[in-house]
$ cat upload-v8.cif   # mmCIF, C-alpha atoms
data_my_file
#
loop_
_atom_site.label_atom_id
_atom_site.label_comp_id
_atom_site.auth_asym_id
_atom_site.auth_seq_id
_atom_site.Cartn_x
_atom_site.Cartn_y
_atom_site.Cartn_z
CA MET A 3 97.73 108.88 -44.97
CA VAL A 4 99.41 110.43 -47.97
CA ALA A 5 96.96 111.69 -50.63
CA PHE A 6 94.17 111.62 -48.05
CA LEU A 7 95.65 114.64 -46.24
CA SER A 8 97.32 113.83 -49.94
CA VAL A 9 91.03 124.99 -60.62
CA ILE A 10 87.76 124.63 -62.12
CA ALA A 11 84.75 123.26 -60.28
CA LEU A 12 82.76 120.52 -61.99
CA PRO A 13 79.02 121.30 -61.76
CA GLY A 14 76.28 118.82 -62.56
CA ILE A 15 76.44 115.08 -63.15
CA ALA A 16 79.28 113.59 -65.18
CA THR A 17 77.41 111.60 -67.81
CA ALA A 18 78.68 113.13 -71.04
CA GLU A 19 80.39 110.03 -72.39
CA PRO A 20 79.83 106.31 -71.84
CA ALA A 21 82.25 104.34 -69.67
CA THR A 22 83.22 102.15 -72.61
CA SER A 23 84.71 105.04 -74.64
CA PHE A 24 88.47 104.57 -74.18
CA ASN A 25 89.80 105.83 -77.51
CA GLN A 26 91.63 108.59 -75.62
CA PRO A 27 93.49 108.36 -72.29
CA PRO A 28 91.42 109.34 -69.21
CA PHE A 29 94.11 111.78 -68.04
CA THR A 30 96.65 114.04 -69.74
CA ILE A 31 99.46 116.43 -68.83
CA GLY A 32 98.15 119.30 -66.73
CA GLU A 33 95.38 117.41 -64.94
CA ARG A 34 95.01 118.41 -61.31
CA LEU A 35 92.61 117.06 -58.69
CA ASP A 36 92.04 118.97 -55.44
CA PHE A 37 90.56 117.34 -52.35
CA LYS A 38 89.49 118.31 -48.86
CA VAL A 39 90.23 115.60 -46.32
CA TYR A 40 88.01 114.93 -43.32
CA LEU A 41 88.70 112.88 -40.20
CA GLU A 42 85.12 111.79 -39.55
CA PHE A 43 83.43 115.23 -39.74
CA VAL A 44 86.44 117.39 -38.94
CA LEU A 45 88.40 119.05 -41.74
CA GLY A 46 91.88 117.57 -41.48
CA GLY A 47 93.76 118.83 -44.51
CA ASP A 48 94.12 119.19 -48.25
CA ALA A 49 95.42 116.83 -50.91
CA THR A 50 96.22 117.08 -54.61
CA MET A 51 96.93 114.61 -57.38
CA SER A 52 98.59 115.98 -60.50
CA VAL A 53 99.83 114.83 -63.90
CA LYS A 54 102.79 117.19 -64.04
CA ALA A 55 105.02 116.87 -67.10
CA VAL A 56 106.90 114.73 -69.58
CA GLU A 57 110.42 114.00 -68.31
CA ASP A 58 113.35 111.77 -69.18
CA VAL A 59 114.33 108.98 -66.79
CA ASN A 60 117.54 107.19 -67.73
CA GLY A 61 116.85 107.67 -71.43
CA HIS A 62 113.15 106.78 -71.26
CA THR A 63 110.26 109.19 -71.83
CA CYS A 64 108.04 109.31 -68.76
CA ILE A 65 105.01 111.11 -67.39
CA LYS A 66 105.55 112.56 -63.92
CA LEU A 67 102.75 112.00 -61.39
CA VAL A 68 102.64 113.78 -58.03
CA SER A 69 100.45 113.28 -54.95
CA GLU A 70 100.72 115.76 -52.05
CA ALA A 71 98.98 116.07 -48.72
CA HIS A 72 99.18 118.50 -45.84
CA SER A 73 97.20 118.99 -42.65
CA THR A 74 95.40 122.19 -41.67
CA PRO A 75 97.03 124.64 -39.22
CA THR A 76 94.68 123.41 -36.49
CA VAL A 77 95.63 119.76 -37.04
CA ASP A 78 99.32 120.74 -37.36
CA ALA A 79 99.36 121.47 -33.64
CA ILE A 80 98.40 117.86 -32.93
CA TYR A 81 99.70 115.81 -35.84
CA LYS A 82 101.47 117.67 -38.65
CA VAL A 83 101.34 116.03 -42.07
CA ARG A 84 103.49 116.98 -45.06
CA ASP A 85 103.55 114.10 -47.53
CA ARG A 86 104.71 113.95 -51.14
CA VAL A 87 104.80 110.97 -53.49
CA GLU A 88 106.24 111.21 -57.00
CA SER A 89 106.20 108.64 -59.76
CA TRP A 90 107.58 108.55 -63.29
CA ARG A 91 105.27 106.48 -65.49
CA ASP A 92 106.69 105.05 -68.70
CA ALA A 93 104.97 106.97 -71.50
CA GLY A 94 104.67 103.91 -73.70
CA GLY A 95 103.94 101.09 -71.27
CA GLY A 96 102.36 102.81 -68.28
CA PHE A 97 104.60 100.99 -65.76
CA SER A 98 106.93 102.61 -63.24
CA ARG A 99 110.43 103.84 -64.03
CA ARG A 100 111.03 105.76 -60.77
CA TYR A 101 109.18 106.13 -57.47
CA VAL A 102 109.97 108.65 -54.70
CA LYS A 103 108.20 108.78 -51.35
CA LYS A 104 108.72 111.49 -48.70
CA LEU A 105 106.41 111.18 -45.72
CA ARG A 106 106.25 113.57 -42.77
CA GLU A 107 103.54 112.52 -40.34
CA GLY A 108 103.98 113.68 -36.76
CA LYS A 109 107.38 112.36 -35.70
CA TYR A 110 107.30 109.72 -38.42
CA ARG A 111 109.75 110.15 -41.32
CA ASP A 112 110.05 107.94 -44.38
CA ASP A 113 112.21 108.76 -47.42
CA LYS A 114 112.61 106.19 -50.18
CA ARG A 115 113.44 106.19 -53.87
CA VAL A 116 113.21 103.25 -56.26
CA GLU A 117 114.83 103.24 -59.70
CA TYR A 118 113.41 100.53 -61.97
CA SER A 119 115.63 99.00 -64.63
CA VAL A 120 113.01 96.97 -66.44
CA GLU A 121 115.38 95.84 -69.17
CA ASP A 122 117.73 94.32 -66.56
CA SER A 123 114.97 92.91 -64.32
CA LEU A 124 116.32 94.99 -61.43
CA ALA A 125 115.23 97.74 -59.07
CA PHE A 126 117.51 99.93 -56.94
CA LEU A 127 116.13 101.00 -53.57
CA PHE A 128 117.60 104.09 -51.88
CA ARG A 129 116.63 104.63 -48.23
CA GLY A 130 116.93 108.07 -46.64
CA ASN A 131 120.15 109.81 -47.61
CA ARG A 132 122.04 106.61 -48.40
CA GLU A 133 123.93 106.83 -51.68
CA ILE A 134 124.43 103.07 -52.05
CA PRO A 135 121.18 101.31 -52.99
CA GLU A 136 119.81 97.90 -52.21
CA THR A 137 119.57 95.84 -55.41
CA LEU A 138 116.26 94.04 -55.86
CA SER A 139 115.28 91.43 -58.43
CA VAL A 140 112.12 92.64 -60.16
CA THR A 141 111.18 90.78 -63.32
CA GLY A 142 108.92 92.44 -65.87
CA GLU A 143 106.98 95.68 -65.92
CA VAL A 144 105.51 96.64 -62.54
CA HIS A 145 103.54 99.49 -61.04
CA ASP A 146 104.24 101.44 -57.89
CA VAL A 147 101.22 102.51 -55.80
CA LEU A 148 100.79 105.80 -57.67
CA THR A 149 101.08 104.47 -61.23
CA ALA A 150 98.73 101.66 -60.14
CA PHE A 151 96.13 104.26 -59.15
CA TYR A 152 96.29 105.84 -62.60
CA ALA A 153 96.34 102.43 -64.31
CA MET A 154 93.09 101.63 -62.51
CA ARG A 155 91.51 104.64 -64.23
CA GLU A 156 92.38 103.15 -67.64
CA ARG A 157 90.60 99.86 -67.08
CA ASP A 158 87.18 98.99 -68.51
CA LEU A 159 85.60 98.39 -65.11
CA GLN A 160 82.66 95.99 -64.89
CA VAL A 161 80.54 95.63 -61.75
CA GLY A 162 81.03 92.25 -60.08
CA LYS A 163 84.42 91.67 -61.67
CA SER A 164 87.94 92.31 -60.38
CA GLU A 165 90.89 93.92 -62.12
CA PHE A 166 94.46 92.90 -61.29
CA ILE A 167 97.55 95.14 -61.38
CA ASP A 168 101.14 93.91 -60.95
CA LEU A 169 102.29 96.03 -57.99
CA HIS A 170 105.75 96.52 -56.51
CA ASP A 171 105.65 98.49 -53.28
CA ILE A 172 109.24 99.28 -52.20
CA ASN A 173 110.32 95.69 -51.49
CA LYS A 174 107.11 93.70 -51.85
CA ARG A 175 105.52 92.50 -55.08
CA TYR A 176 102.01 91.15 -55.49
CA GLN A 177 98.94 91.19 -57.70
CA LEU A 178 96.79 94.07 -56.53
CA GLU A 179 93.13 93.08 -56.77
CA VAL A 180 90.72 95.93 -57.48
CA LYS A 181 87.14 94.85 -56.79
CA VAL A 182 84.44 96.64 -58.80
CA LEU A 183 81.56 96.87 -56.33
CA ARG A 184 78.65 98.88 -57.73
CA LYS A 185 77.42 101.96 -59.55
CA GLU A 186 76.30 104.89 -57.44
CA SER A 187 75.51 108.59 -57.71
CA VAL A 188 77.38 110.73 -55.20
CA GLU A 189 77.55 114.43 -54.31
CA VAL A 190 80.78 116.17 -53.30
CA PRO A 191 81.77 119.88 -53.18
CA ALA A 192 82.75 119.76 -56.88
CA GLY A 193 79.27 118.56 -57.91
CA ARG A 194 77.11 115.49 -58.28
CA PHE A 195 78.46 112.56 -60.29
CA ASP A 196 77.44 109.14 -61.54
CA CYS A 197 80.21 106.84 -60.31
CA ILE A 198 81.51 103.33 -60.23
CA VAL A 199 82.81 102.22 -56.82
CA VAL A 200 86.02 100.19 -56.55
CA GLU A 201 87.91 98.68 -53.63
CA PRO A 202 91.68 98.11 -54.03
CA GLU A 203 92.92 95.27 -51.81
CA LEU A 204 96.23 96.80 -50.70
CA GLN A 205 98.61 94.47 -48.87
CA SER A 206 101.22 97.02 -47.86
CA ALA A 207 101.60 100.68 -46.92
CA GLY A 208 101.73 103.07 -49.83
CA LEU A 209 99.47 105.74 -51.22
CA PHE A 210 97.15 104.90 -48.35
CA ARG A 211 98.13 103.22 -45.13
CA LYS A 212 97.51 99.49 -44.90
CA GLU A 213 95.53 99.43 -41.66
CA GLY A 214 92.02 99.77 -43.10
CA GLU A 215 89.79 99.27 -46.09
CA LEU A 216 89.70 101.76 -48.95
CA GLN A 217 86.92 102.55 -51.41
CA VAL A 218 87.13 104.95 -54.35
CA TRP A 219 84.27 106.53 -56.32
CA LEU A 220 85.33 107.05 -59.98
CA THR A 221 83.18 108.91 -62.48
CA ASN A 222 81.39 106.45 -64.72
CA ASP A 223 82.75 107.95 -67.95
CA ARG A 224 86.00 107.71 -69.88
CA TYR A 225 87.81 110.10 -67.50
CA ARG A 226 87.38 107.92 -64.39
CA ILE A 227 87.93 110.95 -62.13
CA PRO A 228 88.20 110.00 -58.43
CA VAL A 229 85.64 112.24 -56.72
CA LEU A 230 85.39 110.52 -53.35
CA MET A 231 87.67 108.25 -51.35
CA LYS A 232 86.84 106.62 -48.04
CA SER A 233 89.16 104.75 -45.73
CA LYS A 234 88.16 103.07 -42.49
CA LEU A 235 91.14 103.14 -40.16
CA TYR A 236 91.63 102.11 -36.55
CA PHE A 237 90.81 105.65 -35.31
CA GLY A 238 87.74 106.16 -37.51
CA ARG A 239 86.75 107.08 -41.04
CA VAL A 240 88.75 109.32 -43.34
CA TRP A 241 87.10 110.98 -46.35
CA ALA A 242 88.70 112.75 -49.31
CA LYS A 243 86.18 114.78 -51.30
CA LEU A 244 86.87 116.43 -54.65
CA VAL A 245 86.51 120.21 -54.45
CA GLY A 246 88.06 121.22 -57.78
CA TYR A 247 89.37 119.78 -61.00
CA ARG A 248 91.44 121.01 -63.90
CA ARG A 249 91.52 118.85 -67.00
CA GLY A 250 94.84 118.56 -68.81
CA ASP A 251 95.73 119.39 -72.38
CA GLU A 252 93.93 117.18 -74.92
#
$ encode --input "upload-v8.cif" --output "C-alpha cells"
Amino acid sequence: MVAFLSVIALPGIATAEPATSFNQPPFTIGERLDFKVYLEFVLGGDATMSVKAVEDVNGHTCIKLVSEAHSTPTVDAIYKVRDRVESWRDAGGGFSRRYVKKLREGKYRDDKRVEYSVEDSLAFLFRGNREIPETLSVTGEVHDVLTAFYAMRERDLQVGKSEFIDLHDINKRYQLEVKVLRKESVEVPAGRFDCIVVEPELQSAGLFRKEGELQVWLTNDRYRIPVLMKSKLYFGRVWAKLVGYRRGDE
C-alpha cells in the first residue's frame, strides 16, 4: 500500500484559480505533500509525495519524484511498512526515464528498477540485486505509476469524461483509464477544499495495490493537489488525508 502508508497547512477552501487555468504547471520542484493514513478509523501510518530535484538520467534532464510510506510504531508490531518509490520524469515530455520501487511490507520484499531507453524502444528491468537486466520492448513514451499520477494532475479534467494515460508497470503496458466522477467539497486536516473526484482503473500493482478500487480527491484549481485518497481493499477501507502541504518554487 505504498503512498497510502506512502510544511505549511492549507486553511480554507481552495478556490483561488479556475480549473481551466493551466498556463503554469500544477507542481514544481520543492513541492511536498504530507498525509496521515487510516485503516478504517485507526491511524496506520504516514505518507509523503515530493517533487525533489532536477537530475540527469543517461544524458536527459529529469525531475525526480518520490513517494514514501511508513507505518506507525503500533502498527509496526503487527505489519511493518517501509515503502519508497522513485521516478525520474523527463523534463520536456513528462514520460518516465527511470523507475525504482523498494517495498517492505511485513515479510514481503520487492525491489525493482526500470531504465527506459525511449529512443531505442527498449526498457531494462533489474530485479533485486541482479546486475543483468531483462530487456523489454517498449515502443514510445510511457508513464510508470508515479509519473502517471503527476500526469493526471496536468489534465483538464471534465466530469463525466475519462482521461487515458499510456502506462507501463514493470512488465505490463496498458492504457490507464482515469474516470472523472464528480465535483465535491471535502474537509481534511489541512483544510476544506473544493475538489474534483477521479477514479484510476489500475490493472496491476503499483503505487496502490491492485486488489481494490481507488478514488482521489484533487483540488478543483490549477494545482490539482490530492487532498484525499480512498481505497477499498479486501480487509476494509484505507484513507489517506492531507495534513500539510509545501508548494514548490514558482
$ closest_residue --input "upload-v8.cif" --among "A:Glu156, A:Glu121, A:Asp196, A:Glu203" --to "Glu179 (chain A)" --atoms "only C-alpha atoms"
A:Glu203
$ resolve_selection --input "upload-v8.cif" --expression "the PyMOL selection byres ((chain A and resi 54) around 8)" --output "ChimeraX atom specification"
/A:31-33,52-53,55-56,65-68
$ resolve_selection --input "upload-v8.cif" --expression "the PyMOL selection byres ((chain A and resi 243-245) around 12)" --output "PyMOL selection string"
chain A and resi 5-13+34-41+43+45-51+188-195+218-221+227-233+240-242+246-248
$ closest_residue --input "upload-v8.cif" --among "A:Arg184, A:Arg175, A:Asp92, A:Gly142" --to "Gly162 (chain A)" --atoms "only C-alpha atoms"
A:Arg184
$ atom_distance --input "upload-v8.cif" --atom1 "CA of Leu127 (chain A)" --atom2 "CA of Asp171 (chain A)"
10.8 Å
$ resolve_selection --input "upload-v8.cif" --expression "the PyMOL selection byres ((chain A and resi 166) around 12)" --output "list in words"
Val144, His145, Ala150, Phe151, Ala153, Met154, Arg157, Asp158, Leu159, Lys163, Ser164, Glu165, Ile167, Asp168, Leu169, Tyr176, Gln177, Leu178, Glu179, Val180, Lys181, Val182, Glu201, Pro202, Glu203 and Leu204 of chain A
$ atom_distance --input "upload-v8.cif" --atom1 "CA of Lys185 (chain A)" --atom2 "CA of Arg224 (chain A)"
14.6 Å
$ atom_distance --input "upload-v8.cif" --atom1 "CA of Thr30 (chain A)" --atom2 "CA of Tyr118 (chain A)"
22.9 Å
$ residues_around --input "upload-v8.cif" --residues "region 82-85 of chain A" --least-positions-apart "3" --cutoff "6 Å" --atoms "all atoms listed in the file" --output "list in words"
Val4, Glu70, Ala71, His72, Ser73, Asp78, Lys104, Leu105, Arg106, Glu107 and Gly108 of chain A
$ closest_residue --input "upload-v8.cif" --among "A:Arg99, A:Arg226, A:Arg155, A:Arg132" --to "Ser119 (chain A)" --atoms "only C-alpha atoms"
A:Arg99
$ residues_around --input "upload-v8.cif" --residues "Glu117 (chain A)" --least-positions-apart "3" --cutoff "10 Å" --atoms "all atoms listed in the file" --output "NGL selection string"
:A and (59-60 or 90 or 98-102 or 120 or 124-128 or 135 or 137)
$ axis_aligned_box --input "upload-v8.cif" --around "region 55-61 of chain A" --padding-each-side "4 Å" --output "AutoDock Vina command-line options"
--center_x 111.3 --center_y 112.0 --center_z -69.1 --size_x 20.5 --size_y 17.7 --size_z 12.6
$ closest_residue --input "upload-v8.cif" --among "A:Tyr152, A:His170, A:Val200, A:Thr74" --to "Val44 (chain A)" --atoms "only C-alpha atoms"
A:Thr74
$ closest_residue --input "upload-v8.cif" --among "A:Glu215, A:Gln26, A:Cys64, A:Glu88" --to "Lys234 (chain A)" --atoms "only C-alpha atoms"
A:Glu215
